[in-house]
>>> print(open('start_18.cif').read())   # mmCIF, N, CA and C atoms
data_run
#
loop_
_atom_site.group_PDB
_atom_site.id
_atom_site.type_symbol
_atom_site.label_atom_id
_atom_site.label_comp_id
_atom_site.auth_asym_id
_atom_site.auth_seq_id
_atom_site.Cartn_x
_atom_site.Cartn_y
_atom_site.Cartn_z
ATOM 1 N N MET A 1 0.836 -1.177 0.000
ATOM 2 C CA MET A 1 0.000 0.000 0.000
ATOM 3 C C MET A 1 0.885 1.245 0.000
ATOM 4 N N THR A 2 0.518 2.228 -0.806
ATOM 5 C CA THR A 2 1.302 3.458 -0.834
ATOM 6 C C THR A 2 0.831 4.395 0.266
ATOM 7 N N ALA A 3 1.607 5.442 0.470
ATOM 8 C CA ALA A 3 1.253 6.407 1.523
ATOM 9 C C ALA A 3 -0.068 7.088 1.212
ATOM 10 N N LEU A 4 -0.313 7.400 -0.079
ATOM 11 C CA LEU A 4 -1.559 8.055 -0.474
ATOM 12 C C LEU A 4 -2.754 7.137 -0.215
ATOM 13 N N THR A 5 -2.606 5.870 -0.568
ATOM 14 C CA THR A 5 -3.687 4.919 -0.344
ATOM 15 C C THR A 5 -3.953 4.745 1.142
ATOM 16 N N THR A 6 -2.896 4.692 1.937
ATOM 17 C CA THR A 6 -3.052 4.564 3.383
ATOM 18 C C THR A 6 -3.775 5.770 3.963
ATOM 19 N N ARG A 7 -3.414 6.971 3.506
ATOM 20 C CA ARG A 7 -4.061 8.195 3.997
ATOM 21 C C ARG A 7 -5.533 8.217 3.615
ATOM 22 N N LYS A 8 -5.844 7.838 2.370
ATOM 23 C CA LYS A 8 -7.242 7.806 1.934
ATOM 24 C C LYS A 8 -8.028 6.768 2.731
ATOM 25 N N THR A 9 -7.397 5.635 3.037
ATOM 26 C CA THR A 9 -8.060 4.603 3.821
ATOM 27 C C THR A 9 -8.381 5.114 5.219
ATOM 28 N N HIS A 10 -7.446 5.835 5.833
ATOM 29 C CA HIS A 10 -7.692 6.397 7.161
ATOM 30 C C HIS A 10 -8.793 7.454 7.116
ATOM 31 N N GLN A 11 -8.803 8.289 6.070
ATOM 32 C CA GLN A 11 -9.853 9.303 5.947
ATOM 33 C C GLN A 11 -11.215 8.635 5.789
ATOM 34 N N LEU A 12 -11.258 7.576 4.976
ATOM 35 C CA LEU A 12 -12.515 6.857 4.782
ATOM 36 C C LEU A 12 -12.973 6.206 6.080
ATOM 37 N N ALA A 13 -12.032 5.660 6.844
ATOM 38 C CA ALA A 13 -12.375 5.036 8.120
ATOM 39 C C ALA A 13 -12.932 6.078 9.100
ATOM 40 N N ARG A 14 -12.319 7.285 9.134
ATOM 41 C CA ARG A 14 -12.828 8.341 10.017
ATOM 42 C C ARG A 14 -14.215 8.798 9.591
ATOM 43 N N LEU A 15 -14.426 8.934 8.290
ATOM 44 C CA LEU A 15 -15.731 9.353 7.787
ATOM 45 C C LEU A 15 -16.791 8.302 8.099
ATOM 46 N N THR A 16 -16.449 7.037 7.921
ATOM 47 C CA THR A 16 -17.377 5.949 8.226
ATOM 48 C C THR A 16 -17.709 5.927 9.713
ATOM 49 N N ALA A 17 -16.693 6.106 10.561
ATOM 50 C CA ALA A 17 -16.939 6.141 12.001
ATOM 51 C C ALA A 17 -17.831 7.319 12.364
ATOM 52 N N GLY A 18 -17.644 8.446 11.708
ATOM 53 C CA GLY A 18 -18.490 9.611 11.955
ATOM 54 C C GLY A 18 -19.925 9.367 11.539
ATOM 55 N N LEU A 19 -20.112 8.691 10.400
ATOM 56 C CA LEU A 19 -21.470 8.375 9.955
ATOM 57 C C LEU A 19 -22.156 7.424 10.919
ATOM 58 N N ILE A 20 -21.415 6.452 11.400
ATOM 59 C CA ILE A 20 -21.985 5.504 12.350
ATOM 60 C C ILE A 20 -22.335 6.212 13.655
ATOM 61 N N ALA A 21 -21.491 7.146 14.063
ATOM 62 C CA ALA A 21 -21.740 7.883 15.307
ATOM 63 C C ALA A 21 -22.827 8.946 15.144
ATOM 64 N N GLY A 22 -23.257 9.201 13.908
ATOM 65 C CA GLY A 22 -24.323 10.161 13.686
ATOM 66 C C GLY A 22 -23.842 11.551 13.345
ATOM 67 N N ARG A 23 -22.585 11.693 13.033
ATOM 68 C CA ARG A 23 -22.090 13.005 12.634
ATOM 69 C C ARG A 23 -21.217 12.832 11.400
ATOM 70 N N ALA A 24 -21.704 13.320 10.293
ATOM 71 C CA ALA A 24 -20.950 13.222 9.044
ATOM 72 C C ALA A 24 -19.966 14.365 8.973
ATOM 73 N N THR A 25 -18.705 14.064 9.076
ATOM 74 C CA THR A 25 -17.699 15.113 9.026
ATOM 75 C C THR A 25 -16.657 14.761 7.986
ATOM 76 N N ALA A 26 -16.299 15.724 7.215
ATOM 77 C CA ALA A 26 -15.208 15.580 6.262
ATOM 78 C C ALA A 26 -14.091 16.497 6.719
ATOM 79 N N PRO A 27 -12.902 16.280 6.248
ATOM 80 C CA PRO A 27 -11.821 17.198 6.601
ATOM 81 C C PRO A 27 -12.180 18.619 6.179
ATOM 82 N N PRO A 28 -11.961 19.634 7.032
ATOM 83 C CA PRO A 28 -12.405 20.997 6.739
ATOM 84 C C PRO A 28 -11.908 21.542 5.405
ATOM 85 N N ALA A 29 -10.665 21.301 5.043
ATOM 86 C CA ALA A 29 -10.148 21.843 3.788
ATOM 87 C C ALA A 29 -10.889 21.230 2.605
ATOM 88 N N ARG A 30 -11.172 19.964 2.670
ATOM 89 C CA ARG A 30 -11.881 19.285 1.581
ATOM 90 C C ARG A 30 -13.307 19.816 1.464
ATOM 91 N N ARG A 31 -13.956 20.042 2.595
ATOM 92 C CA ARG A 31 -15.323 20.540 2.582
ATOM 93 C C ARG A 31 -15.387 21.928 1.961
ATOM 94 N N ARG A 32 -14.440 22.789 2.296
ATOM 95 C CA ARG A 32 -14.446 24.143 1.747
ATOM 96 C C ARG A 32 -14.303 24.121 0.231
ATOM 97 N N ARG A 33 -13.414 23.298 -0.288
ATOM 98 C CA ARG A 33 -13.218 23.247 -1.734
ATOM 99 C C ARG A 33 -14.466 22.733 -2.431
ATOM 100 N N THR A 34 -15.136 21.753 -1.854
ATOM 101 C CA THR A 34 -16.333 21.191 -2.470
ATOM 102 C C THR A 34 -17.453 22.215 -2.515
ATOM 103 N N GLU A 35 -17.690 22.931 -1.427
ATOM 104 C CA GLU A 35 -18.758 23.920 -1.396
ATOM 105 C C GLU A 35 -18.459 25.084 -2.334
ATOM 106 N N ARG A 36 -17.206 25.490 -2.389
ATOM 107 C CA ARG A 36 -16.855 26.626 -3.228
ATOM 108 C C ARG A 36 -16.999 26.290 -4.711
ATOM 109 N N GLY A 37 -16.794 25.045 -5.077
ATOM 110 C CA GLY A 37 -16.874 24.637 -6.471
ATOM 111 C C GLY A 37 -18.289 24.638 -7.019
ATOM 112 N N ASP A 38 -19.287 24.706 -6.161
ATOM 113 C CA ASP A 38 -20.670 24.654 -6.613
ATOM 114 C C ASP A 38 -21.225 26.032 -6.965
ATOM 115 N N VAL A 39 -20.469 27.089 -6.732
ATOM 116 C CA VAL A 39 -20.954 28.444 -7.000
ATOM 117 C C VAL A 39 -21.342 28.631 -8.467
ATOM 118 N N PRO A 40 -20.551 28.204 -9.443
ATOM 119 C CA PRO A 40 -20.979 28.392 -10.837
ATOM 120 C C PRO A 40 -22.303 27.714 -11.154
ATOM 121 N N GLY A 41 -22.591 26.589 -10.517
ATOM 122 C CA GLY A 41 -23.874 25.923 -10.736
ATOM 123 C C GLY A 41 -25.038 26.769 -10.255
ATOM 124 N N TRP A 42 -24.896 27.379 -9.095
ATOM 125 C CA TRP A 42 -25.967 28.229 -8.573
ATOM 126 C C TRP A 42 -26.135 29.488 -9.409
ATOM 127 N N VAL A 43 -25.032 30.026 -9.911
ATOM 128 C CA VAL A 43 -25.122 31.206 -10.779
ATOM 129 C C VAL A 43 -25.878 30.840 -12.050
ATOM 130 N N LEU A 44 -25.562 29.682 -12.619
ATOM 131 C CA LEU A 44 -26.240 29.235 -13.832
ATOM 132 C C LEU A 44 -27.734 29.035 -13.584
ATOM 133 N N ILE A 45 -28.090 28.418 -12.472
ATOM 134 C CA ILE A 45 -29.505 28.209 -12.152
ATOM 135 C C ILE A 45 -30.226 29.542 -11.988
ATOM 136 N N THR A 46 -29.593 30.498 -11.321
ATOM 137 C CA THR A 46 -30.207 31.809 -11.107
ATOM 138 C C THR A 46 -30.420 32.538 -12.426
ATOM 139 N N VAL A 47 -29.409 32.528 -13.283
ATOM 140 C CA VAL A 47 -29.528 33.214 -14.575
ATOM 141 C C VAL A 47 -30.598 32.556 -15.441
ATOM 142 N N MET A 48 -30.637 31.221 -15.450
ATOM 143 C CA MET A 48 -31.638 30.534 -16.257
ATOM 144 C C MET A 48 -33.050 30.797 -15.724
ATOM 145 N N THR A 49 -33.206 30.844 -14.417
ATOM 146 C CA THR A 49 -34.523 31.138 -13.839
ATOM 147 C C THR A 49 -34.975 32.544 -14.200
ATOM 148 N N ALA A 50 -34.054 33.494 -14.109
ATOM 149 C CA ALA A 50 -34.396 34.875 -14.487
ATOM 150 C C ALA A 50 -34.778 34.942 -15.964
ATOM 151 N N GLY A 51 -34.085 34.210 -16.803
ATOM 152 C CA GLY A 51 -34.412 34.182 -18.231
ATOM 153 C C GLY A 51 -35.780 33.586 -18.487
ATOM 154 N N LEU A 52 -36.104 32.510 -17.784
ATOM 155 C CA LEU A 52 -37.429 31.904 -17.952
ATOM 156 C C LEU A 52 -38.542 32.835 -17.492
ATOM 157 N N VAL A 53 -38.338 33.503 -16.381
ATOM 158 C CA VAL A 53 -39.351 34.443 -15.881
ATOM 159 C C VAL A 53 -39.541 35.584 -16.876
ATOM 160 N N ALA A 54 -38.440 36.110 -17.410
ATOM 161 C CA ALA A 54 -38.543 37.200 -18.378
ATOM 162 C C ALA A 54 -39.258 36.748 -19.648
ATOM 163 N N ALA A 55 -38.955 35.538 -20.113
ATOM 164 C CA ALA A 55 -39.609 35.031 -21.322
ATOM 165 C C ALA A 55 -41.098 34.808 -21.096
ATOM 166 N N LEU A 56 -41.452 34.212 -19.956
ATOM 167 C CA LEU A 56 -42.873 33.999 -19.663
ATOM 168 C C LEU A 56 -43.612 35.319 -19.488
ATOM 169 N N TRP A 57 -42.949 36.282 -18.850
ATOM 170 C CA TRP A 57 -43.601 37.581 -18.650
ATOM 171 C C TRP A 57 -43.816 38.286 -19.986
ATOM 172 N N ALA A 58 -42.868 38.141 -20.906
ATOM 173 C CA ALA A 58 -43.007 38.772 -22.222
ATOM 174 C C ALA A 58 -44.168 38.153 -23.003
ATOM 175 N N VAL A 59 -44.340 36.843 -22.873
ATOM 176 C CA VAL A 59 -45.396 36.161 -23.621
ATOM 177 C C VAL A 59 -46.761 36.343 -22.955
ATOM 178 N N ALA A 60 -46.815 36.193 -21.641
ATOM 179 C CA ALA A 60 -48.104 36.159 -20.950
ATOM 180 C C ALA A 60 -48.343 37.369 -20.062
ATOM 181 N N GLY A 61 -47.568 38.424 -20.196
ATOM 182 C CA GLY A 61 -47.702 39.602 -19.343
ATOM 183 C C GLY A 61 -49.088 40.215 -19.320
ATOM 184 N N PRO A 62 -49.674 40.527 -20.478
ATOM 185 C CA PRO A 62 -51.008 41.137 -20.473
ATOM 186 C C PRO A 62 -52.078 40.231 -19.847
ATOM 187 N N GLN A 63 -52.006 38.933 -20.120
ATOM 188 C CA GLN A 63 -52.988 38.016 -19.542
ATOM 189 C C GLN A 63 -52.829 37.932 -18.023
ATOM 190 N N LEU A 64 -51.591 37.897 -17.556
ATOM 191 C CA LEU A 64 -51.354 37.847 -16.115
ATOM 192 C C LEU A 64 -51.839 39.119 -15.437
ATOM 193 N N SER A 65 -51.604 40.260 -16.052
ATOM 194 C CA SER A 65 -52.077 41.526 -15.487
ATOM 195 C C SER A 65 -53.596 41.563 -15.424
ATOM 196 N N GLN A 66 -54.240 41.075 -16.458
ATOM 197 C CA GLN A 66 -55.701 41.044 -16.484
ATOM 198 C C GLN A 66 -56.240 40.095 -15.414
ATOM 199 N N MET A 67 -55.605 38.934 -15.246
ATOM 200 C CA MET A 67 -56.036 37.986 -14.220
ATOM 201 C C MET A 67 -55.895 38.598 -12.827
ATOM 202 N N LEU A 68 -54.796 39.318 -12.590
ATOM 203 C CA LEU A 68 -54.602 39.960 -11.294
ATOM 204 C C LEU A 68 -55.660 41.039 -11.065
ATOM 205 N N SER A 69 -55.921 41.836 -12.077
ATOM 206 C CA SER A 69 -56.943 42.879 -11.952
ATOM 207 C C SER A 69 -58.319 42.285 -11.671
ATOM 208 N N ASP A 70 -58.666 41.211 -12.377
ATOM 209 C CA ASP A 70 -59.959 40.552 -12.157
ATOM 210 C C ASP A 70 -60.058 39.995 -10.743
ATOM 211 N N ALA A 71 -58.980 39.373 -10.263
ATOM 212 C CA ALA A 71 -58.990 38.799 -8.920
ATOM 213 C C ALA A 71 -59.136 39.885 -7.865
ATOM 214 N N LEU A 72 -58.412 40.995 -8.024
ATOM 215 C CA LEU A 72 -58.507 42.086 -7.055
ATOM 216 C C LEU A 72 -59.875 42.750 -7.072
ATOM 217 N N SER A 73 -60.446 42.914 -8.263
ATOM 218 C CA SER A 73 -61.765 43.544 -8.328
ATOM 219 C C SER A 73 -62.851 42.635 -7.744
ATOM 220 N N SER A 74 -62.686 41.312 -7.858
ATOM 221 C CA SER A 74 -63.682 40.419 -7.273
ATOM 222 C C SER A 74 -63.589 40.410 -5.748
ATOM 223 N N VAL A 75 -62.409 40.658 -5.204
ATOM 224 C CA VAL A 75 -62.247 40.697 -3.762
ATOM 225 C C VAL A 75 -62.831 42.011 -3.210
ATOM 226 N N LYS A 76 -62.628 43.114 -3.949
ATOM 227 C CA LYS A 76 -63.145 44.413 -3.509
ATOM 228 C C LYS A 76 -64.676 44.419 -3.504
ATOM 229 N N GLY A 77 -65.256 43.664 -4.417
ATOM 230 C CA GLY A 77 -66.704 43.541 -4.445
ATOM 231 C C GLY A 77 -67.295 44.584 -5.249
#
>>> encode(input="start_18.cif", output="structure tokens")
Amino acid sequence: MTALTTRKTHQLARLTAGLIAGRATAPPARRRRTERGDVPGWVLITVMTAGLVAALWAVAGPQLSQMLSDALSSVKG
């Protein structure tokens, strides 16, 4: 077994022991890199959601405004 394999085996053993004990813990440096790497995914999701909302609003804007006006006027009586 190489030193790298031995280190990975020990890390896996610690993680497994943590899961069994009810606390999932990864080494702090590894956790930070993993969380930081997901930022581009969230940016992409946000931009795509904004694009979908803008496209739907452009297509259905007048109908949505009319539906809101009708709903508010029915509540006012």
>>> atom_distance(input="start_18.cif", atom1="atom CA of Gly51 of chain A", atom2="atom CA of Ser65 of chain A")
19.3 Å
>>> atom_distance(input="start_18.cif", atom1="atom CA of Gly61 of chain A", atom2="atom CA of Thr49 of chain A")
16.6 Å
>>> atom_distance(input="start_18.cif", atom1="atom N of Leu64 of chain A", atom2="atom CA of Ile45 of chain A")
24.7 Å
